[in-house]
file upload-v8.txt (compact mmCIF, C-alpha atoms (C1' of nucleotides))
# COMPACT_ATOMS: atom_id res chain seq x y z
CA MET Q 1 45.13 -32.54 43.01
CA THR Q 2 43.04 -35.18 41.40
CA LYS Q 3 45.02 -38.35 41.01
CA ARG Q 4 46.34 -39.64 37.76
CA GLN Q 5 44.33 -42.32 35.99
CA PRO Q 6 45.62 -45.79 36.94
CA ALA Q 7 47.15 -47.71 34.05
CA LEU Q 8 44.87 -50.35 32.58
CA THR Q 9 46.12 -53.91 32.68
CA PRO Q 10 48.43 -54.16 29.68
CA LEU Q 11 47.42 -56.06 26.55
CA THR Q 12 49.46 -57.49 23.72
CA PRO Q 13 48.56 -56.01 20.32
CA ARG Q 14 46.53 -59.07 19.40
CA ALA Q 15 44.71 -59.03 22.72
CA ALA Q 16 43.88 -55.38 22.17
CA GLU Q 17 42.49 -56.29 18.78
CA ILE Q 18 40.27 -58.91 20.39
CA VAL Q 19 39.05 -56.47 23.02
CA SER Q 20 38.25 -53.94 20.35
CA ALA Q 21 36.24 -56.50 18.38
CA ALA Q 22 34.52 -57.57 21.58
CA ARG Q 23 33.52 -54.02 22.28
CA ASP Q 24 32.05 -53.58 18.82
CA LEU Q 25 30.18 -56.83 19.19
CA VAL Q 26 28.76 -55.92 22.59
CA GLU Q 27 27.80 -52.45 21.53
CA GLU Q 28 26.11 -53.69 18.37
CA SER Q 29 24.20 -56.63 19.78
CA GLY Q 30 24.25 -56.58 23.56
CA PRO Q 31 26.24 -58.36 26.25
CA GLU Q 32 24.57 -61.71 25.64
CA ALA Q 33 25.73 -61.64 22.02
CA LEU Q 34 29.34 -61.73 23.14
CA THR Q 35 30.21 -65.38 22.61
CA MET Q 36 33.64 -66.80 22.15
CA ARG Q 37 32.79 -68.32 18.79
CA VAL Q 38 31.32 -65.15 17.33
CA LEU Q 39 34.09 -63.03 18.77
CA ALA Q 40 36.71 -65.33 17.26
CA GLU Q 41 34.99 -65.24 13.90
CA ARG Q 42 35.14 -61.45 13.94
CA ILE Q 43 38.90 -61.50 13.90
CA GLY Q 44 39.17 -64.50 11.63
CA ILE Q 45 40.19 -67.25 14.04
CA ARG Q 46 38.46 -70.09 15.91
CA ALA Q 47 37.12 -69.87 19.42
CA PRO Q 48 39.75 -72.00 21.17
CA SER Q 49 42.50 -69.76 19.84
CA LEU Q 50 41.13 -66.93 21.96
CA TYR Q 51 42.40 -68.81 24.96
CA LYS Q 52 45.95 -68.17 23.82
CA HIS Q 53 45.28 -64.52 24.62
CA PHE Q 54 42.84 -64.59 27.53
CA PRO Q 55 42.38 -67.21 30.25
CA ASP Q 56 38.61 -67.15 29.87
CA LYS Q 57 35.64 -65.11 28.75
CA THR Q 58 35.36 -63.12 31.95
CA ALA Q 59 38.87 -61.81 31.34
CA VAL Q 60 37.71 -60.33 28.03
CA GLU Q 61 34.72 -58.83 29.77
CA ALA Q 62 36.94 -57.42 32.49
CA ALA Q 63 39.06 -55.69 29.87
CA LEU Q 64 35.91 -54.13 28.45
CA ILE Q 65 34.75 -53.05 31.87
CA GLU Q 66 38.14 -51.50 32.59
CA ARG Q 67 37.88 -49.39 29.50
CA GLY Q 68 34.33 -48.38 30.28
CA LEU Q 69 35.28 -47.38 33.81
CA ALA Q 70 38.28 -45.41 32.61
CA GLU Q 71 36.28 -43.50 30.02
CA LEU Q 72 33.46 -42.78 32.41
CA GLY Q 73 35.86 -41.67 35.08
CA ALA Q 74 37.72 -39.38 32.71
CA ALA Q 75 34.52 -37.83 31.41
CA MET Q 76 33.22 -37.21 34.91
CA ARG Q 77 36.46 -35.60 35.98
CA ALA Q 78 36.19 -33.16 33.13
CA ALA Q 79 32.67 -32.35 34.29
CA LEU Q 80 33.87 -31.22 37.71
CA ALA Q 81 35.28 -28.02 36.27
CA ALA Q 82 31.81 -26.73 35.45
CA GLU Q 83 30.10 -24.02 37.43
CA ARG Q 84 27.48 -26.45 38.78
CA PRO Q 85 29.55 -29.63 39.19
CA VAL Q 86 26.79 -31.95 40.44
CA LEU Q 87 24.50 -31.06 37.58
CA GLU Q 88 27.23 -31.44 35.02
CA LEU Q 89 28.43 -34.68 36.62
CA LEU Q 90 24.98 -36.21 36.28
CA ARG Q 91 24.62 -34.94 32.73
CA THR Q 92 27.95 -36.48 31.84
CA TYR Q 93 27.26 -39.76 33.57
CA ARG Q 94 24.02 -40.13 31.71
CA ALA Q 95 25.46 -39.11 28.35
CA GLN Q 96 28.42 -41.43 28.67
CA ALA Q 97 26.28 -44.39 29.69
CA LEU Q 98 23.67 -43.83 27.00
CA ALA Q 99 26.37 -43.45 24.37
CA ASN Q 100 27.47 -47.01 25.10
CA PRO Q 101 24.41 -48.59 26.67
CA ASN Q 102 25.38 -52.19 26.11
CA LEU Q 103 28.84 -51.67 27.53
CA TYR Q 104 27.18 -50.08 30.55
CA ARG Q 105 24.88 -53.07 30.85
CA LEU Q 106 27.79 -55.46 30.65
CA SER Q 107 29.66 -53.52 33.29
CA THR Q 108 26.81 -53.54 35.76
CA LYS Q 109 25.15 -56.88 35.26
CA GLY Q 110 26.56 -58.29 38.47
CA PRO Q 111 29.37 -57.93 40.97
CA LEU Q 112 32.50 -56.22 39.71
CA PRO Q 113 35.32 -58.62 38.83
CA ARG Q 114 37.55 -56.61 41.13
CA GLU Q 115 40.46 -59.06 41.06
CA ARG Q 116 40.66 -58.59 37.29
CA LEU Q 117 40.60 -54.79 37.33
CA ALA Q 118 43.57 -52.50 37.41
CA PRO Q 119 44.18 -51.65 41.07
CA GLY Q 120 42.82 -48.27 42.03
CA LEU Q 121 40.73 -47.92 38.91
CA GLU Q 122 37.41 -48.44 40.66
CA ASP Q 123 38.19 -45.86 43.30
CA TRP Q 124 39.52 -43.44 40.71
CA ALA Q 125 36.38 -43.75 38.61
CA GLY Q 126 34.11 -43.25 41.61
CA GLU Q 127 36.00 -40.35 43.09
CA PRO Q 128 34.29 -37.60 41.06
CA PHE Q 129 31.11 -38.17 43.02
CA PHE Q 130 33.01 -37.41 46.17
CA LEU Q 131 34.77 -34.47 44.59
CA ALA Q 132 31.43 -33.06 43.48
CA VAL Q 133 29.64 -33.21 46.80
CA GLY Q 134 32.58 -33.17 49.22
CA GLU Q 135 31.15 -35.88 51.46
CA PRO Q 136 31.26 -39.67 51.09
CA TYR Q 137 27.74 -40.63 52.12
CA LEU Q 138 25.93 -38.17 49.92
CA ALA Q 139 28.41 -39.09 47.19
CA GLN Q 140 27.39 -42.75 47.33
CA ALA Q 141 23.74 -41.79 47.38
CA LEU Q 142 24.25 -39.61 44.33
CA PHE Q 143 26.04 -42.45 42.59
CA ALA Q 144 23.16 -44.81 43.39
CA PHE Q 145 20.70 -42.31 41.97
CA ALA Q 146 22.73 -41.89 38.80
CA HIS Q 147 23.17 -45.61 38.32
CA GLY Q 148 19.52 -46.32 39.05
CA MET Q 149 18.39 -43.72 36.54
CA VAL Q 150 20.73 -44.91 33.84
CA ILE Q 151 20.11 -48.61 34.15
CA LEU Q 152 16.35 -48.15 34.38
CA GLU Q 153 16.45 -45.89 31.36
CA ILE Q 154 18.59 -48.29 29.34
CA ASP Q 155 16.38 -51.22 30.28
CA ARG Q 156 13.25 -49.18 29.50
CA ARG Q 157 11.89 -49.83 32.94
CA PHE Q 158 10.24 -46.48 33.32
CA PRO Q 159 6.68 -46.19 32.03
CA GLU Q 160 6.63 -45.49 28.33
CA GLY Q 161 6.77 -41.83 27.46
CA SER Q 162 8.20 -40.73 30.80
CA ASP Q 163 9.84 -37.32 30.67
CA LEU Q 164 13.18 -38.49 31.99
CA ASP Q 165 14.90 -35.17 31.48
CA ARG Q 166 12.57 -33.82 34.08
CA THR Q 167 13.12 -36.78 36.39
CA TRP Q 168 16.87 -36.23 36.18
CA ALA Q 169 16.35 -32.56 36.92
CA GLU Q 170 14.19 -33.37 39.91
CA GLY Q 171 16.79 -35.75 41.26
CA ALA Q 172 19.57 -33.24 40.71
CA ARG Q 173 17.55 -30.64 42.56
CA ALA Q 174 17.08 -33.01 45.49
CA PHE Q 175 20.79 -33.67 45.70
CA THR Q 176 21.86 -30.07 45.43
CA ALA Q 177 19.19 -28.44 47.56
CA GLY Q 178 20.93 -29.04 50.86
CA SER Q 179 24.33 -27.73 49.85
CA MET L 1 -8.41 -44.70 47.28
CA THR L 2 -5.47 -46.92 46.58
CA LYS L 3 -6.38 -49.45 43.99
CA ARG L 4 -6.79 -53.13 44.63
CA GLN L 5 -3.88 -55.40 43.76
CA PRO L 6 -4.27 -56.77 40.23
CA ALA L 7 -4.76 -60.53 40.03
CA LEU L 8 -1.64 -62.44 39.08
CA THR L 9 -1.81 -64.53 35.92
CA PRO L 10 -3.52 -67.75 37.04
CA LEU L 11 -1.56 -70.97 37.43
CA THR L 12 -2.67 -74.58 37.55
CA PRO L 13 -1.74 -76.33 40.80
CA ARG L 14 1.16 -78.08 39.17
CA ALA L 15 2.41 -74.87 37.61
CA ALA L 16 2.26 -73.20 40.99
CA GLU L 17 4.32 -76.04 42.38
CA ILE L 18 6.92 -75.45 39.69
CA VAL L 19 7.02 -71.73 40.37
CA SER L 20 7.47 -72.38 44.05
CA ALA L 21 10.36 -74.73 43.40
CA ALA L 22 11.84 -72.20 40.98
CA ARG L 23 11.69 -69.53 43.63
CA ASP L 24 13.45 -71.71 46.16
CA LEU L 25 16.09 -72.55 43.62
CA VAL L 26 16.69 -68.94 42.64
CA GLU L 27 16.78 -67.74 46.21
CA GLU L 28 19.20 -70.49 47.24
CA SER L 29 21.62 -70.32 44.36
CA GLY L 30 21.01 -67.23 42.25
CA PRO L 31 19.22 -66.51 38.98
CA GLU L 32 21.84 -68.25 36.86
CA ALA L 33 21.25 -71.49 38.79
CA LEU L 34 17.69 -71.63 37.51
CA THR L 35 17.97 -74.19 34.75
CA MET L 36 15.19 -76.26 33.33
CA ARG L 37 16.90 -79.53 34.18
CA VAL L 38 17.62 -78.66 37.77
CA LEU L 39 14.17 -77.17 38.23
CA ALA L 40 12.57 -80.30 36.83
CA GLU L 41 14.65 -82.51 39.08
CA ARG L 42 13.45 -80.56 42.09
CA ILE L 43 9.90 -81.65 41.49
CA GLY L 44 10.81 -85.13 40.30
CA ILE L 45 10.27 -84.87 36.56
CA ARG L 46 12.44 -84.35 33.48
CA ALA L 47 13.14 -81.01 31.87
CA PRO L 48 11.00 -81.43 28.74
CA SER L 49 7.94 -82.11 30.88
CA LEU L 50 8.13 -78.55 32.19
CA TYR L 51 7.04 -77.44 28.74
CA LYS L 52 3.67 -79.02 29.38
CA HIS L 53 3.15 -76.29 31.98
CA PHE L 54 5.06 -73.30 30.65
CA PRO L 55 5.82 -72.29 27.07
CA ASP L 56 9.45 -71.52 27.90
CA LYS L 57 11.83 -70.56 30.65
CA THR L 58 11.07 -66.87 30.49
CA ALA L 59 7.46 -67.66 31.38
CA VAL L 60 8.64 -69.27 34.61
CA GLU L 61 10.80 -66.25 35.32
CA ALA L 62 7.90 -63.94 34.58
CA ALA L 63 5.78 -65.78 37.14
CA LEU L 64 8.54 -65.25 39.70
CA ILE L 65 8.82 -61.59 38.82
CA GLU L 66 5.08 -61.16 39.15
CA ARG L 67 5.19 -62.51 42.65
CA GLY L 68 8.15 -60.38 43.57
CA LEU L 69 6.46 -57.26 42.25
CA ALA L 70 3.24 -58.06 44.06
CA GLU L 71 4.98 -58.63 47.38
CA LEU L 72 7.10 -55.54 47.05
CA GLY L 73 4.10 -53.45 46.08
CA ALA L 74 2.06 -54.74 49.00
CA ALA L 75 4.85 -54.10 51.48
CA MET L 76 5.38 -50.58 50.21
CA ARG L 77 1.69 -49.79 50.42
CA ALA L 78 1.71 -50.79 54.05
CA ALA L 79 4.64 -48.44 54.60
CA LEU L 80 2.67 -45.42 53.40
CA ALA L 81 0.65 -45.35 56.59
CA ALA L 82 3.71 -44.38 58.63
CA GLU L 83 4.27 -40.89 59.96
CA ARG L 84 7.24 -40.33 57.62
CA PRO L 85 6.12 -42.19 54.50
CA VAL L 86 9.20 -41.60 52.34
CA LEU L 87 11.55 -42.83 55.00
CA GLU L 88 9.44 -45.86 55.73
CA LEU L 89 8.97 -46.55 52.04
CA LEU L 90 12.71 -46.65 51.50
CA ARG L 91 13.22 -48.78 54.59
CA THR L 92 10.63 -51.25 53.33
CA TYR L 93 11.96 -51.32 49.79
CA ARG L 94 15.42 -52.11 51.04
CA ALA L 95 14.26 -54.71 53.53
CA GLN L 96 12.05 -56.47 51.02
CA ALA L 97 14.77 -56.57 48.37
CA LEU L 98 17.49 -57.74 50.73
CA ALA L 99 15.21 -60.43 52.11
CA ASN L 100 15.04 -61.96 48.63
CA PRO L 101 18.15 -60.66 46.93
CA ASN L 102 18.32 -63.22 44.18
CA LEU L 103 14.70 -62.76 43.29
CA TYR L 104 15.37 -59.03 43.12
CA ARG L 105 18.33 -59.67 40.89
CA LEU L 106 16.28 -61.87 38.62
CA SER L 107 13.57 -59.26 38.41
CA THR L 108 15.91 -56.46 37.44
CA LYS L 109 18.49 -58.13 35.26
CA GLY L 110 17.05 -56.66 32.09
CA PRO L 111 13.93 -55.19 30.55
CA LEU L 112 10.67 -56.20 32.19
CA PRO L 113 8.80 -58.93 30.30
CA ARG L 114 5.78 -56.67 30.30
CA GLU L 115 3.72 -58.79 27.93
CA ARG L 116 3.96 -61.68 30.39
CA LEU L 117 2.96 -59.67 33.45
CA ALA L 118 -0.53 -59.26 34.82
CA PRO L 119 -1.88 -56.02 33.36
CA GLY L 120 -1.67 -53.14 35.77
CA LEU L 121 0.68 -54.90 38.12
CA GLU L 122 3.71 -52.83 37.22
CA ASP L 123 1.86 -49.57 37.72
CA TRP L 124 0.31 -50.81 40.92
CA ALA L 125 3.68 -51.80 42.33
CA GLY L 126 5.24 -48.47 41.41
CA GLU L 127 2.41 -46.31 42.65
CA PRO L 128 3.58 -46.08 46.27
CA PHE L 129 6.45 -43.87 45.19
CA PHE L 130 3.96 -41.45 43.74
CA LEU L 131 1.70 -41.72 46.76
CA ALA L 132 4.63 -40.98 49.03
CA VAL L 133 5.87 -37.86 47.31
CA GLY L 134 2.72 -36.70 45.52
CA GLU L 135 4.50 -35.85 42.28
CA PRO L 136 5.49 -38.13 39.39
CA TYR L 137 8.96 -36.81 38.57
CA LEU L 138 10.31 -36.84 42.06
CA ALA L 139 8.64 -40.22 42.48
CA GLN L 140 10.59 -41.68 39.60
CA ALA L 141 13.80 -40.15 40.89
CA LEU L 142 13.16 -41.65 44.29
CA PHE L 143 12.51 -45.01 42.70
CA ALA L 144 15.77 -44.76 40.78
CA PHE L 145 17.63 -43.95 43.97
CA ALA L 146 16.06 -46.89 45.80
CA HIS L 147 16.75 -49.31 42.99
CA GLY L 148 20.30 -48.05 42.55
CA MET L 149 21.04 -48.44 46.22
CA VAL L 150 19.55 -51.91 46.43
CA ILE L 151 21.13 -53.38 43.35
CA LEU L 152 24.52 -51.89 44.15
CA GLU L 153 24.25 -53.22 47.68
CA ILE L 154 23.21 -56.69 46.54
CA ASP L 155 25.96 -56.81 43.97
CA ARG L 156 28.48 -55.52 46.53
CA ARG L 157 29.45 -52.68 44.27
CA PHE L 158 30.01 -50.21 47.03
CA PRO L 159 33.49 -50.09 48.53
CA GLU L 160 33.90 -52.73 51.17
CA GLY L 161 32.88 -51.61 54.63
CA SER L 162 30.72 -48.73 53.45
CA ASP L 163 28.23 -47.55 56.02
CA LEU L 164 25.20 -48.00 53.83
CA ASP L 165 22.71 -47.21 56.55
CA ARG L 166 24.15 -43.76 56.54
CA THR L 167 24.11 -43.54 52.76
CA TRP L 168 20.44 -44.48 52.76
CA ALA L 169 19.80 -41.86 55.40
CA GLU L 170 21.62 -39.23 53.39
CA GLY L 171 19.61 -40.08 50.29
CA ALA L 172 16.37 -40.03 52.23
CA ARG L 173 17.27 -36.62 53.57
CA ALA L 174 17.93 -35.33 50.09
CA PHE L 175 14.56 -36.55 48.89
CA THR L 176 12.59 -35.22 51.81
CA ALA L 177 14.36 -31.91 52.33
CA GLY L 178 12.37 -30.01 49.73
CA SER L 179 8.92 -31.17 50.79
C1' DA I 1 73.66 -73.94 10.01
C1' DC I 2 71.01 -76.50 13.17
C1' DC I 3 68.30 -77.21 17.14
C1' DG I 4 64.98 -76.04 20.82
C1' DT I 5 61.44 -73.52 22.22
C1' DA I 6 57.65 -70.50 22.42
C1' DA I 7 53.60 -68.28 20.05
C1' DG I 8 49.55 -68.85 18.01
C1' DG I 9 46.86 -71.11 15.10
C1' DC I 10 43.90 -75.64 14.39
C1' DT I 11 40.32 -79.90 15.17
C1' DA I 12 37.83 -82.84 18.16
C1' DA I 13 35.50 -83.31 22.01
C1' DC I 14 33.08 -82.75 26.72
C1' DG I 15 29.45 -81.28 29.53
C1' DC I 16 26.28 -77.92 29.97
C1' DT I 17 22.19 -74.98 28.24
C1' DG I 18 17.15 -74.28 26.26
C1' DT I 19 14.16 -76.53 23.38
C1' DT I 20 11.60 -79.78 19.98
C1' DA I 21 9.71 -84.14 18.22
C1' DG I 22 7.55 -88.04 19.01
C1' DC I 23 5.99 -91.71 21.89
C1' DC I 24 3.13 -93.69 25.59
C1' DA I 25 0.28 -94.48 29.95
C1' DG I 26 -3.73 -93.12 32.50
C1' DG I 27 -8.17 -91.17 33.14
C1' DA I 28 -12.56 -88.81 31.62
C1' DG I 29 -16.56 -88.35 28.65
C1' DG I 30 -19.75 -89.82 25.07
C1' DC V 1 -15.88 -99.46 24.53
C1' DC V 2 -13.68 -95.98 22.11
C1' DT V 3 -11.62 -91.57 22.01
C1' DC V 4 -9.22 -87.82 23.34
C1' DC V 5 -6.63 -84.97 26.54
C1' DT V 6 -3.15 -84.57 30.22
C1' DG V 7 1.29 -85.07 31.54
C1' DG V 8 4.90 -87.79 31.78
C1' DC V 9 9.04 -89.94 29.03
C1' DT V 10 13.52 -90.55 25.75
C1' DA V 11 16.29 -88.96 22.05
C1' DA V 12 18.07 -85.42 19.88
C1' DC V 13 19.73 -80.70 18.14
C1' DA V 14 22.14 -76.46 18.13
C1' DG V 15 24.82 -73.38 20.70
C1' DC V 16 27.51 -72.29 24.86
C1' DG V 17 32.39 -72.07 27.45
C1' DT V 18 36.27 -74.69 27.73
C1' DT V 19 40.14 -78.37 27.42
C1' DA V 20 43.42 -81.52 25.21
C1' DG V 21 46.45 -82.23 21.90
C1' DC V 22 48.51 -81.36 17.44
C1' DC V 23 51.06 -78.55 14.07
C1' DT V 24 53.33 -74.73 11.80
C1' DT V 25 56.02 -70.66 12.02
C1' DA V 26 59.57 -67.73 13.74
C1' DC V 27 63.28 -66.66 16.62
C1' DG V 28 67.42 -67.09 19.67
C1' DG V 29 71.50 -69.66 21.02
C1' DT V 30 75.37 -72.68 20.23
call {"tool": "encode", "arguments": {"input": "upload-v8.txt", "output": "C-alpha cells"}}
result
Amino acid sequence: MTKRQPALTPLTPRAAEIVSAARDLVEESGPEALTMRVLAERIGIRAPSLYKHFPDKTAVEAALIERGLAELGAAMRAALAAERPVLELLRTYRAQALANPNLYRLSTKGPLPRERLAPGLEDWAGEPFFLAVGEPYLAQALFAFAHGMVILEIDRRFPEGSDLDRTWAEGARAFTAGS
Amino acid sequence: MTKRQPALTPLTPRAAEIVSAARDLVEESGPEALTMRVLAERIGIRAPSLYKHFPDKTAVEAALIERGLAELGAAMRAALAAERPVLELLRTYRAQALANPNLYRLSTKGPLPRERLAPGLEDWAGEPFFLAVGEPYLAQALFAFAHGMVILEIDRRFPEGSDLDRTWAEGARAFTAGS
DNA sequence: ACCGTAAGGCTAACGCTGTTAGCCAGGAGG
DNA sequence: CCTCCTGGCTAACAGCGTTAGCCTTACGGT
C-alpha cells in the first residue's frame, strides 16, 4: 500500500556523529547557532576537519533536513490509521514540529536542497496529505495550512495569547467540512 | 469603521534614501544580499557611515518590513470591498507577496521585530482577515493558509509543475464553504 | 618487513560579515 | 569668532565558511 520509506543518504560512523552533534546544537540554540567551528568543537576537532566528512555546511544541514523529513513523514503515516485522519494528521504535524522547533525552522528557512536529499524522500514525506484527503489540490492546501500554522506559531507571529488550539480546530473544520 | 493606517516610524531624508536602496537591493538579489557594505556602496558612502542613520542592520530591515506590512495591509483593505471578500483577499495577498517576493521573504524569515515596528501596524495589517471572515479563529487559520501558500510558492517547495492556482482555489473553497 | 596510500587530524590564511573607535571637514548658532 | 553637531572617513576586531598544505596513523600489497 503505502510505499516504504526511502533510504537516507548513507553516512560513515563519524559523519553520523557529526550530524547528531549538529542536531543537538541546532535544537538547543537555533539554526543560526550551527557554525562549523562550534560544531567541530562539540566533537573535539577543529572546523577544517569537518570538511573531511562533508563537502560543505549545507551538506550537514541537508542531512539534518533528511532526518527531519523522515521522522515527520513516519509520524504522519502512523496518524493516517486514526478514525479521523485529517484531524490526527494535523495534530501529529503540529506535535512533531513543535517537538523540534529549531529543526523545523532549519528545514523550512528557504528552498529545499533537493539535489542533496535522498531521492523520493520529499514525495514520501508529503504523501500522507494526499492519503488523508484523497485529492492532490486539497492536499497541498492542507499542507500549506499546516506549515503556515506551525511556522507562525514557532516564530511567535500570532498575537500574544492567541488560542491556537482553537485556530487549529477551526482550520481542521474548514478542511474537513466538504468531505 | 476600519481604522486609519498607523504612521510608520519617521525617517530623515537620508535614512529614507538608504531604506529605498535597501529595498531595491533586497528585491533584486534576495535578503541575504543585503549587506551593510553593499548597501553603503549603493548610495556612495562607506559601511560605517550607515550607523550614523541606523543603530544596526536590523533597524534597516525593520524599516523595510514596516513598509511591506503597510503596503500589504492597504492592498488587502481595498480587497474587502469586493463581492467575495475572502476570495479577493487571498488573491490580493498572493499578488502582493509575489510582486515583492524577496521583501516577503525578509519579512517572514523569523520572529517579527515588534519593538522596532510602528505601534498598531501589525494589528492593522492583519485586521483584514478578521474583517473578511468576521471571526478571529477562522481569520487566523485563513492567514496561516495564505502565508503557507505564499512562502511555499516563493521558496518553490511545492512539487515542480503544481497547479497552484487550483490549490489556492481549493483552499479558498474550504475557507468559504462554511460561511 | 617495507613501502605506498588513504583517512583524518592539524595550522595558517583568505575574503567576507556586522560593528566599534576615533578622526576630521563643513555648516549653524550664540 | 568660537563651538558644537552632522555625517562622512579609515582602521580595526571578532566571527563566519572555506581552502591549501602539512603530518601522523593505519592498513594492504609485494
call {"tool": "interface_residues", "arguments": {"input": "upload-v8.txt", "of": "chain L", "to": "chain Q", "cutoff": "10 Å", "atoms": "all atoms listed in the file", "output": "ChimeraX atom specification"}}
result
/L:105,108-114,122-123,126,136-159,162-179
call {"tool": "atom_distance", "arguments": {"input": "upload-v8.txt", "atom1": "CA of Ala74 in chain Q", "atom2": "CA of Lys3 in chain Q"}}
result
11.1 Å
call {"tool": "interface_residues", "arguments": {"input": "upload-v8.txt", "of": "chain L", "to": "chain V", "cutoff": "12 Å", "atoms": "all atoms listed in the file", "output": "list of chain:residue names"}}
result
L:Arg14, L:Ala15, L:Ala40, L:Gly44, L:Ile45, L:Arg46, L:Ala47, L:Pro48, L:Ser49, L:Leu50, L:Tyr51, L:Lys52, L:His53
call {"tool": "interface_residues", "arguments": {"input": "upload-v8.txt", "of": "chain I", "to": "chain Q", "cutoff": "10 Å", "atoms": "all atoms listed in the file", "output": "list in words"}}
result
DA7, DG8, DG9, DC10 and DT11 of chain I
call {"tool": "residues_around", "arguments": {"input": "upload-v8.txt", "residues": "Ala95 in chain Q", "least_positions_apart": "6", "cutoff": "10 Å", "atoms": "all atoms listed in the file", "output": "JSON, numbers by chain"}}
result
{"Q": [72, 75, 89, 101, 150]}
call {"tool": "atom_distance", "arguments": {"input": "upload-v8.txt", "atom1": "CA of Arg77 in chain Q", "atom2": "CA of Thr9 in chain Q"}}
result
21.0 Å
call {"tool": "atom_distance", "arguments": {"input": "upload-v8.txt", "atom1": "CA of Met36 in chain L", "atom2": "CA of Asp56 in chain L"}}
result
9.2 Å
call {"tool": "axis_aligned_box", "arguments": {"input": "upload-v8.txt", "around": "range 13-25 of chain V", "padding_each_side": "3 Å", "output": "lines of an AutoDock Vina configuration file"}}
result
center_x = 37.9
center_y = -76.4
center_z = 19.8
size_x = 42.3
size_y = 17.6
size_z = 21.9
call {"tool": "residues_around", "arguments": {"input": "upload-v8.txt", "residues": "Leu69 in chain L", "least_positions_apart": "4", "cutoff": "8 Å", "atoms": "all atoms listed in the file", "output": "list in words"}}
result
Ile65, Gly73, Leu121, Glu122 and Ala125 of chain L
